[in-house]
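Engineer: This is the content of run_39.cif (mmCIF, C-alpha atoms and all ligand atoms):
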data_start
#
loop_
_atom_site.label_atom_id
_atom_site.label_comp_id
_atom_site.auth_asym_id
_atom_site.auth_seq_id
_atom_site.Cartn_x
_atom_site.Cartn_y
_atom_site.Cartn_z
CA MET A 1 -13.70 -0.48 -10.19
CA ASP A 2 -15.67 -2.90 -8.04
CA LEU A 3 -12.63 -3.80 -5.97
CA LEU A 4 -12.22 -0.22 -4.87
CA SER A 5 -15.82 0.76 -4.19
CA HIS A 6 -17.18 -2.31 -2.44
CA SER A 7 -16.08 -2.20 1.18
CA PRO A 8 -18.41 -3.53 3.87
CA PRO A 9 -16.99 -3.04 7.37
CA THR A 10 -14.78 -5.91 8.53
CA PRO A 11 -15.87 -7.68 11.75
CA LEU A 12 -14.70 -6.55 15.17
CA GLN A 13 -14.20 -9.64 17.33
CA GLU A 14 -13.77 -9.55 21.08
CA LEU A 15 -11.25 -11.95 22.62
CA HIS A 16 -12.67 -13.30 25.84
CA ASN A 17 -9.95 -14.73 28.04
CA GLU A 18 -8.71 -14.85 31.58
CA LEU A 19 -5.74 -12.59 31.11
CA CYS A 20 -7.90 -9.70 29.90
CA GLU A 21 -10.38 -10.29 32.70
CA LYS A 22 -7.63 -10.18 35.31
CA ALA A 23 -6.15 -7.01 33.86
CA ALA A 24 -9.65 -5.49 33.48
CA VAL A 25 -9.17 -4.66 29.82
CA ARG A 26 -11.26 -5.46 26.77
CA LEU A 27 -9.40 -6.67 23.72
CA PHE A 28 -10.87 -6.72 20.23
CA VAL A 29 -9.43 -7.80 16.91
CA LYS A 30 -10.35 -5.79 13.82
CA ARG A 31 -10.59 -8.50 11.21
CA ASP A 32 -9.07 -6.77 8.20
CA ASP A 33 -7.70 -10.17 7.24
CA LEU A 34 -11.22 -10.81 5.91
CA ILE A 35 -11.30 -7.78 3.59
CA HIS A 36 -10.43 -9.61 0.39
CA PRO A 37 -9.02 -13.08 -0.29
CA GLU A 38 -5.92 -11.72 -2.02
CA VAL A 39 -5.73 -7.96 -1.55
CA SER A 40 -5.43 -8.46 2.14
CA GLY A 41 -5.73 -6.29 5.19
CA ASN A 42 -3.78 -3.10 5.40
CA LYS A 43 -2.55 -3.46 1.82
CA TRP A 44 -6.12 -3.09 0.57
CA ARG A 45 -6.65 -0.09 2.85
CA LYS A 46 -3.41 1.54 1.72
CA LEU A 47 -3.89 0.91 -2.00
CA LYS A 48 -7.52 1.94 -2.23
CA TYR A 49 -7.07 5.66 -2.90
CA VAL A 50 -3.75 5.21 -4.66
CA LEU A 51 -5.36 2.96 -7.27
CA LYS A 52 -8.38 5.23 -7.52
CA GLU A 53 -5.99 8.02 -8.41
CA VAL A 54 -4.24 5.85 -10.99
CA LYS A 55 -7.60 5.18 -12.61
CA GLN A 56 -8.63 8.82 -12.47
CA LEU A 57 -5.37 9.91 -14.06
CA GLU A 58 -5.89 7.22 -16.70
CA ILE A 59 -2.40 5.87 -16.23
CA ASP A 60 -2.23 2.30 -17.50
CA ARG A 61 0.70 1.04 -15.43
CA VAL A 62 2.14 1.14 -11.94
CA LEU A 63 5.61 0.31 -10.64
CA THR A 64 6.48 -0.62 -7.11
CA PHE A 65 9.15 -2.22 -4.92
CA GLY A 66 9.29 -5.22 -2.63
CA GLY A 67 11.09 -8.34 -1.41
CA ALA A 68 10.50 -11.91 -2.55
CA TYR A 69 7.88 -12.47 0.18
CA SER A 70 6.24 -9.06 0.01
CA ASN A 71 2.55 -8.96 0.91
CA HIS A 72 2.45 -5.62 -0.89
CA LEU A 73 3.62 -7.10 -4.22
CA TYR A 74 1.11 -9.91 -3.78
CA ALA A 75 -1.80 -7.56 -3.05
CA LEU A 76 -0.88 -5.12 -5.78
CA ALA A 77 -0.50 -7.87 -8.40
CA SER A 78 -3.98 -9.14 -7.59
CA ALA A 79 -5.60 -5.69 -7.44
CA CYS A 80 -4.02 -4.61 -10.72
CA SER A 81 -5.14 -7.73 -12.55
CA GLU A 82 -8.67 -7.09 -11.33
CA LEU A 83 -8.53 -3.41 -12.30
CA ASP A 84 -6.80 -4.00 -15.61
CA ILE A 85 -3.69 -2.02 -14.70
CA LYS A 86 -0.26 -3.24 -15.74
CA ALA A 87 1.95 -3.85 -12.70
CA ILE A 88 5.74 -3.85 -12.59
CA GLY A 89 7.56 -5.08 -9.49
CA ILE A 90 11.16 -4.15 -8.70
CA VAL A 91 12.30 -7.05 -6.53
CA ARG A 92 15.13 -6.86 -4.01
CA GLY A 93 17.99 -9.31 -4.65
CA GLU A 94 19.23 -11.40 -7.56
CA ARG A 95 16.74 -13.65 -9.28
CA PRO A 96 16.69 -16.97 -7.41
CA VAL A 97 16.75 -20.35 -9.12
CA GLU A 98 13.32 -21.05 -7.72
CA GLU A 99 11.04 -18.09 -7.17
CA SER A 100 9.05 -17.78 -3.96
CA ALA A 101 5.37 -18.71 -4.00
CA THR A 102 4.63 -15.00 -3.58
CA LEU A 103 6.53 -14.08 -6.73
CA GLN A 104 5.03 -16.97 -8.67
CA PHE A 105 1.60 -15.68 -7.73
CA CYS A 106 2.56 -12.18 -8.85
CA ARG A 107 3.65 -13.50 -12.24
CA GLN A 108 0.44 -15.50 -12.62
CA LYS A 109 -1.46 -12.27 -12.04
CA GLY A 110 0.50 -10.66 -14.84
CA MET A 111 3.00 -8.64 -12.83
CA GLU A 112 6.28 -8.02 -14.60
CA LEU A 113 9.17 -8.71 -12.22
CA HIS A 114 12.59 -7.09 -12.34
CA PHE A 115 15.26 -8.26 -9.96
CA VAL A 116 17.83 -5.74 -8.78
CA THR A 117 20.83 -6.11 -6.48
CA ARG A 118 20.42 -5.13 -2.84
CA GLU A 119 22.66 -2.15 -3.56
CA GLU A 120 20.43 -0.92 -6.34
CA TYR A 121 17.31 -1.59 -4.27
CA LYS A 122 18.60 0.83 -1.65
CA LEU A 123 18.19 3.63 -4.20
CA ARG A 124 14.43 3.11 -4.37
CA GLN A 125 13.65 6.46 -2.76
CA SER A 126 16.16 8.48 -4.77
CA GLU A 127 14.61 10.83 -7.31
CA GLU A 128 17.31 10.19 -9.85
CA TYR A 129 16.82 6.43 -9.67
CA GLN A 130 13.06 6.80 -9.85
CA SER A 131 13.23 8.96 -12.93
CA SER A 132 15.50 6.46 -14.65
CA LEU A 133 13.02 3.67 -13.81
CA SER A 134 10.24 5.89 -15.11
CA GLN A 135 11.90 6.16 -18.49
CA GLN A 136 12.90 2.53 -18.60
CA PHE A 137 9.35 1.33 -17.92
CA ASP A 138 7.42 3.85 -19.99
CA TYR A 139 6.26 6.27 -17.30
CA PRO A 140 4.34 4.16 -14.80
CA TYR A 141 2.73 5.58 -11.67
CA LEU A 142 5.23 4.96 -8.87
CA ILE A 143 3.96 3.38 -5.66
CA PRO A 144 6.49 3.31 -2.81
CA GLU A 145 7.50 0.12 -1.00
CA GLY A 146 4.70 -1.30 1.13
CA GLY A 147 2.24 1.04 -0.60
CA THR A 148 3.08 3.63 2.03
CA SER A 149 2.73 7.32 1.24
CA VAL A 150 0.47 10.11 2.49
CA LEU A 151 -2.08 8.89 -0.06
CA ALA A 152 -2.30 5.61 1.88
CA LEU A 153 -3.53 7.31 5.04
CA PRO A 154 -7.17 8.08 4.15
CA GLY A 155 -7.83 4.44 3.29
CA VAL A 156 -6.34 3.23 6.57
CA SER A 157 -8.28 5.88 8.48
CA GLU A 158 -11.52 4.31 7.27
CA LEU A 159 -10.93 1.35 9.54
CA THR A 160 -11.14 3.66 12.54
CA THR A 161 -14.49 4.99 11.32
CA GLU A 162 -15.75 1.43 11.13
CA VAL A 163 -14.49 0.68 14.64
CA LYS A 164 -16.08 3.83 16.03
CA ASN A 165 -19.41 2.72 14.57
CA GLN A 166 -18.97 -0.83 15.84
CA LEU A 167 -17.96 0.12 19.40
CA GLY A 168 -19.78 3.41 19.76
CA ILE A 169 -16.57 5.03 21.02
CA VAL A 170 -12.95 5.53 20.04
CA PRO A 171 -10.84 2.79 21.64
CA ASP A 172 -8.14 3.82 24.12
CA TYR A 173 -5.47 2.02 22.15
CA TYR A 174 -5.02 0.64 18.69
CA CYS A 175 -2.32 -2.01 18.40
CA VAL A 176 -0.78 -2.61 15.01
CA ALA A 177 2.25 -4.28 13.44
CA ALA A 178 4.65 -1.93 11.68
CA GLY A 179 6.89 -2.47 8.67
CA THR A 180 6.99 0.94 6.99
CA GLY A 181 4.68 2.62 9.51
CA GLY A 182 1.99 3.58 7.00
CA THR A 183 -0.76 1.73 8.80
CA ALA A 184 0.16 3.18 12.19
CA ALA A 185 0.22 6.65 10.60
CA GLY A 186 -3.22 6.20 9.04
CA ILE A 187 -4.70 5.47 12.47
CA LEU A 188 -2.77 8.17 14.34
CA CYS A 189 -3.88 10.89 11.95
CA THR A 190 -7.49 10.33 13.06
CA GLY A 191 -6.49 11.28 16.60
CA ALA A 192 -6.50 7.74 17.99
CA ASN A 193 -3.59 6.41 20.10
CA VAL A 194 -1.44 3.67 18.64
CA VAL A 195 0.93 1.12 20.08
CA ALA A 196 2.97 0.04 17.05
CA PHE A 197 5.03 -3.17 17.11
CA SER A 198 8.04 -3.10 14.83
CA ALA A 199 8.40 -6.29 12.81
CA LEU A 200 12.00 -5.29 12.11
CA LYS A 201 15.03 -5.25 14.33
CA GLY A 202 16.20 -1.73 15.09
CA GLY A 203 12.75 -0.36 14.31
CA GLY A 204 13.40 2.91 16.13
CA PHE A 205 13.66 4.75 12.82
CA LEU A 206 9.95 4.14 12.28
CA LYS A 207 9.14 6.95 14.71
CA ASP A 208 10.54 9.56 12.29
CA GLU A 209 8.93 7.86 9.30
CA ILE A 210 5.53 7.93 10.98
CA ASP A 211 5.96 11.51 12.22
CA GLY A 212 6.83 12.53 8.66
CA LEU A 213 3.70 10.90 7.25
CA ILE A 214 1.34 12.62 9.69
CA GLN A 215 3.05 16.02 9.85
CA ASP A 216 0.21 17.80 8.01
CA TYR A 217 -2.48 16.47 10.34
CA GLN A 218 -3.74 18.43 13.35
CA ASN A 219 -4.07 16.66 16.72
CA PRO A 220 -2.76 13.22 15.90
CA GLY A 221 -2.98 10.49 18.53
CA ILE A 222 -0.08 9.42 20.72
CA LEU A 223 2.35 6.89 19.28
CA ASP A 224 4.16 4.33 21.40
CA LEU A 225 6.61 2.40 19.27
CA GLN A 226 7.50 -1.03 20.67
CA THR A 227 10.81 -2.21 19.24
CA SER A 228 11.55 -5.37 21.18
CA TYR A 229 9.01 -7.82 19.73
CA HIS A 230 10.85 -8.45 16.45
CA PHE A 231 11.96 -12.04 17.28
CA GLY A 232 15.37 -11.53 15.73
CA GLY A 233 14.40 -9.30 12.84
CA TYR A 234 12.22 -9.00 9.78
CA ALA A 235 10.99 -12.39 8.57
CA LYS A 236 12.71 -14.11 11.50
CA TRP A 237 10.85 -16.09 14.12
CA ASN A 238 11.27 -18.93 16.59
CA ALA A 239 9.36 -21.96 17.85
CA GLY A 240 7.89 -19.91 20.71
CA LEU A 241 6.22 -17.57 18.25
CA LEU A 242 4.85 -20.42 16.14
CA ASP A 243 3.47 -22.03 19.31
CA PHE A 244 1.80 -18.77 20.24
CA ILE A 245 0.22 -18.56 16.77
CA ASP A 246 -1.07 -22.15 17.06
CA ASP A 247 -2.46 -21.56 20.50
CA PHE A 248 -4.11 -18.31 19.40
CA LYS A 249 -5.79 -20.14 16.53
CA ASN A 250 -7.09 -22.84 18.87
CA ARG A 251 -8.44 -20.40 21.42
CA PHE A 252 -9.92 -17.69 19.24
CA ASP A 253 -10.27 -19.28 15.81
CA ILE A 254 -8.16 -16.52 14.26
CA GLN A 255 -5.17 -17.36 12.12
CA LEU A 256 -2.10 -15.12 12.52
CA GLU A 257 1.19 -15.24 10.63
CA GLN A 258 4.78 -15.09 11.82
CA VAL A 259 6.05 -11.92 10.12
CA TYR A 260 3.69 -9.26 11.46
CA THR A 261 0.46 -10.11 13.22
CA GLY A 262 1.85 -12.99 15.32
CA LYS A 263 4.58 -10.76 16.72
CA MET A 264 2.14 -7.93 17.35
CA LEU A 265 -0.39 -10.03 19.25
CA TYR A 266 2.37 -11.78 21.17
CA GLY A 267 3.47 -8.29 22.21
CA VAL A 268 -0.07 -7.22 23.09
CA PHE A 269 -0.53 -10.20 25.41
CA ASP A 270 2.87 -9.63 26.96
CA LEU A 271 2.06 -5.96 27.62
CA ILE A 272 -1.29 -6.91 29.15
CA LYS A 273 0.57 -9.33 31.43
CA LYS A 274 2.95 -6.56 32.44
CA GLY A 275 0.13 -4.18 33.32
CA TYR A 276 0.95 -1.74 30.52
CA PHE A 277 -2.66 -0.88 29.69
CA SER A 278 -4.77 1.16 32.08
CA ARG A 279 -7.65 -0.61 33.81
CA ASN A 280 -10.91 -0.61 31.85
CA ALA A 281 -8.98 0.13 28.68
CA ILE A 282 -10.50 -0.77 25.36
CA ILE A 283 -7.87 -2.14 23.02
CA VAL A 284 -8.31 -2.82 19.32
CA ALA A 285 -5.61 -4.93 17.68
CA VAL A 286 -5.72 -4.66 13.91
CA HIS A 287 -5.36 -7.92 12.00
CA THR A 288 -3.57 -6.55 8.97
CA GLY A 289 -3.86 -9.84 7.06
CA GLY A 290 -0.84 -11.15 5.21
CA LEU A 291 -1.83 -14.79 5.57
CA GLN A 292 -0.42 -15.63 2.13
CA GLY A 293 2.97 -15.60 3.85
CA LEU A 294 2.05 -18.04 6.61
CA VAL A 295 4.55 -20.81 7.36
CA ARG A 296 3.47 -23.93 9.19
CA LYS A 297 5.51 -25.96 11.60
C1 LIG A 301 2.74 -4.87 5.21
C2 LIG A 301 2.17 -5.41 6.46
C3 LIG A 301 2.30 -4.73 7.70
C4 LIG A 301 3.12 -3.49 7.85
O1 LIG A 301 2.38 -2.36 7.52
P1 LIG A 301 3.08 -0.94 7.40
O2 LIG A 301 1.99 -0.04 6.98
O3 LIG A 301 4.13 -1.09 6.33
O4 LIG A 301 3.69 -0.61 8.69
C5 LIG A 301 1.67 -5.27 8.80
N1 LIG A 301 0.99 -6.43 8.72
C6 LIG A 301 0.87 -7.12 7.58
C7 LIG A 301 0.13 -8.39 7.60
C8 LIG A 301 1.44 -6.63 6.41
O5 LIG A 301 1.32 -7.34 5.28
#
Here is the file; what I need is its structure written in the form of structure tokens.
Ligand SMILES: *Cc1c(COP(=O)(O)O)cnc(C)c1O
Structural biologist:
Amino acid sequence: MDLLSHSPPTPLQELHNELCEKAAVRLFVKRDDLIHPEVSGNKWRKLKYVLKEVKQLEIDRVLTFGGAYSNHLYALASACSELDIKAIGIVRGERPVEESATLQFCRQKGMELHFVTREEYKLRQSEEYQSSLSQQFDYPYLIPEGGTSVLALPGVSELTTEVKNQLGIVPDYYCVAAGTGGTAAGILCTGANVVAFSALKGGGFLKDEIDGLIQDYQNPGILDLQTSYHFGGYAKWNAGLLDFIDDFKNRFDIQLEQVYTGKMLYGVFDLIKKGYFSRNAIIVAVHTGGLQGLVRK
């Protein structure tokens, strides 16, 4: 259970630069990319209490869903091999001739992979489909896509406790990349304000998803969902984004990737430029990890 109990706070790193000085804001990066070499960032936060529950219930297997490049599958495969839990991954799309590095890693960690058509994958939230999977795979504990459920929120919330201790106050804004919205929800439910950057095109639906996740919490923070920093859609990017990521690495010695955190920080800098944040604002951008999926130019 070491993986789930050992959790020193991740560093909070201030980004000193001219743009922030001019705009009179302070920008910090919460380095959740440093949480664990494989169970990275928000996936570790989201899985922590889910996997604790699996252990407590003494269920020996879990089943989840993801694409061929899923950081969630990657993190879960690693965590489960460390915790001695059998992991089954339902993968979107026909089995390719050559599997992605992510899927190869999952297999090495002992995850059993099942490829389903995109049509079938769309059923992943249907109860009927889930119960047929349950039977087929001998009653595993089901973890939704991205590890996102209300059970993911307490783990994510812990990052805000760390930040409060590190800064002495609650920041004015958290900035975070959003795929399913679970990470944004976990921060909002503590009462902190969140600017969420959709990594997907047409990310407007995330508002309802996030509202649904936090509906049982009193006094959540304010959500601003930014939907125009997707760079063409999920897992799409351009040379401008890769240049930004390179430049960011050179200036701040922090590696980002092109699916989530690169887009989010590009958006943060753009919003600072546009005067979006109030003067003297304290901004914490969460580095949610995911560096296994980094592409290089
Ligand atoms: C999965 C992931 C996200 C998206 O998190 P959600 O909780 O699904 O919104 C953001 N950043 C990285 C690096 C991720 O791997």
Engineer: Would you give me, as CSV, each residue of chain A having an atom within 9 Å of an atom of ligand LIG 301 (chain A), along with its shortest atom pair and that distance in Å to one decimal, using all atoms listed in the file and sorting by chain and residue number?
Structural biologist:
residue,atom,partner,partner_atom,distance
A:Asp33,CA,A:LIG301,C7,8.0
A:Ser40,CA,A:LIG301,O5,7.5
A:Gly41,CA,A:LIG301,C7,6.7
A:Asn42,CA,A:LIG301,C8,6.4
A:Lys43,CA,A:LIG301,C1,6.4
A:Lys46,CA,A:LIG301,O2,7.7
A:Ser70,CA,A:LIG301,O5,7.4
A:Asn71,CA,A:LIG301,O5,4.8
A:His72,CA,A:LIG301,C1,6.2
A:Ala75,CA,A:LIG301,O5,8.9
A:Glu145,CA,A:LIG301,O3,8.2
A:Gly146,CA,A:LIG301,O3,5.2
A:Gly147,CA,A:LIG301,O3,7.5
A:Thr148,CA,A:LIG301,O2,6.3
A:Ala152,CA,A:LIG301,O2,8.7
A:Val156,CA,A:LIG301,O2,9.0
A:Val176,CA,A:LIG301,C5,7.2
A:Ala177,CA,A:LIG301,C5,4.8
A:Ala178,CA,A:LIG301,O4,3.4
A:Gly179,CA,A:LIG301,O4,3.7
A:Thr180,CA,A:LIG301,O3,3.6
A:Gly181,CA,A:LIG301,O4,3.5
A:Gly182,CA,A:LIG301,O2,3.6
A:Thr183,CA,A:LIG301,O2,3.7
A:Ala184,CA,A:LIG301,O4,6.3
A:Ala185,CA,A:LIG301,O2,7.8
A:Gly186,CA,A:LIG301,O2,8.4
A:Ala196,CA,A:LIG301,O4,8.4
A:Phe197,CA,A:LIG301,O4,8.9
A:Ser198,CA,A:LIG301,O4,7.9
A:Ala199,CA,A:LIG301,C4,7.8
A:Leu206,CA,A:LIG301,O4,8.6
A:Leu256,CA,A:LIG301,C7,8.6
A:Glu257,CA,A:LIG301,C7,7.6
A:Val259,CA,A:LIG301,C7,7.3
A:Tyr260,CA,A:LIG301,N1,4.8
A:Thr261,CA,A:LIG301,N1,5.8
A:Met264,CA,A:LIG301,N1,8.8
A:Val286,CA,A:LIG301,N1,8.7
A:His287,CA,A:LIG301,C7,7.1
A:Thr288,CA,A:LIG301,C7,4.4
A:Gly289,CA,A:LIG301,C7,4.3
A:Gly290,CA,A:LIG301,C7,3.8
A:Leu291,CA,A:LIG301,C7,7.0
A:Gly293,CA,A:LIG301,O5,8.5
Engineer: For Thr161 (chain A), which of A:Ile187, A:Val116, A:Val29, A:Ile143 is the closest residue, counting only C-alpha atoms?
Structural biologist: A:Ile187
Engineer: Take CA of Leu113 (chain A) and CA of Val91 (chain A) and report the distance between them in Å, one decimal.
Structural biologist: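 The value is 6.7 Å.
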Engineer: Which residue is closest to Leu167 (chain A)? Choose from A:Arg26, A:Arg124, A:Lys273, A:Lys109 and count all atoms listed in the file.
Structural biologist: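 Nearest to Leu167 (chain A): A:Arg26.
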Engineer: Using all atoms listed in the file, find the one residue out of A:Cys80, A:Val97, A:Leu63, A:Leu188 that sits nearest to Tyr139 (chain A).
Structural biologist: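 The answer is A:Leu63, which sits nearest to Tyr139 (chain A).
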Engineer: Show me, as a tab-separated table, the residues of region 90-209 of chain A having an atom within 8 Å of region 9-21 of chain A, each with the closest atom pair and its distance in Å, using only C-alpha atoms.
Structural biologist:
residue	atom	partner	partner_atom	distance
A:Leu159	CA	A:Pro9	CA	7.8
A:Glu162	CA	A:Pro9	CA	6.0
A:Val163	CA	A:Leu12	CA	7.3
A:Gln166	CA	A:Leu12	CA	7.2
Engineer: For each of A:Ala87, A:Leu34, A:Val295, A:Val194, take the minimum atom-to-atom distance to Asn238 (chain A), counting all atoms listed in the file, then give the residue where this is smallest.
Structural biologist: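 Distance minimum relative to Asn238 (chain A) lands on A:Val295.
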Engineer: Name all residues at most 7 Å from Cys106 (chain A) (count all atoms listed in the file; drop same-chain ones fewer than 4 positions away) and give them as a ChimeraX atom specification.
Structural biologist: /A:73-74,77,102,110-111
Engineer: Assuming 8 Å of padding per side, give the centre and edge lengths of the axis-aligned box around every listed atom of region 139-144 of chain A, in Å to one decimal and as AutoDock Vina command-line options.
Structural biologist:
--center_x 4.6 --center_y 4.8 --center_z -10.1 --size_x 19.8 --size_y 19.0 --size_z 30.5
Engineer: Which residue out of A:Ala79, A:Val54, A:Ile169, A:Ile85 has the minimum interatomic distance to Ala281 (chain A) when all atoms listed in the file are used?
Structural biologist: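 Closest to Ala281 (chain A) of all the choices is A:Ile169.
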Engineer: Using only C-alpha atoms, which protein or nucleic acid residues come within 7 Å of Arg118 (chain A)? Drop anything in the same chain fewer than 2 positions from it, and give the result as number ranges by chain.
Structural biologist: A: 92-93, 116, 120-122
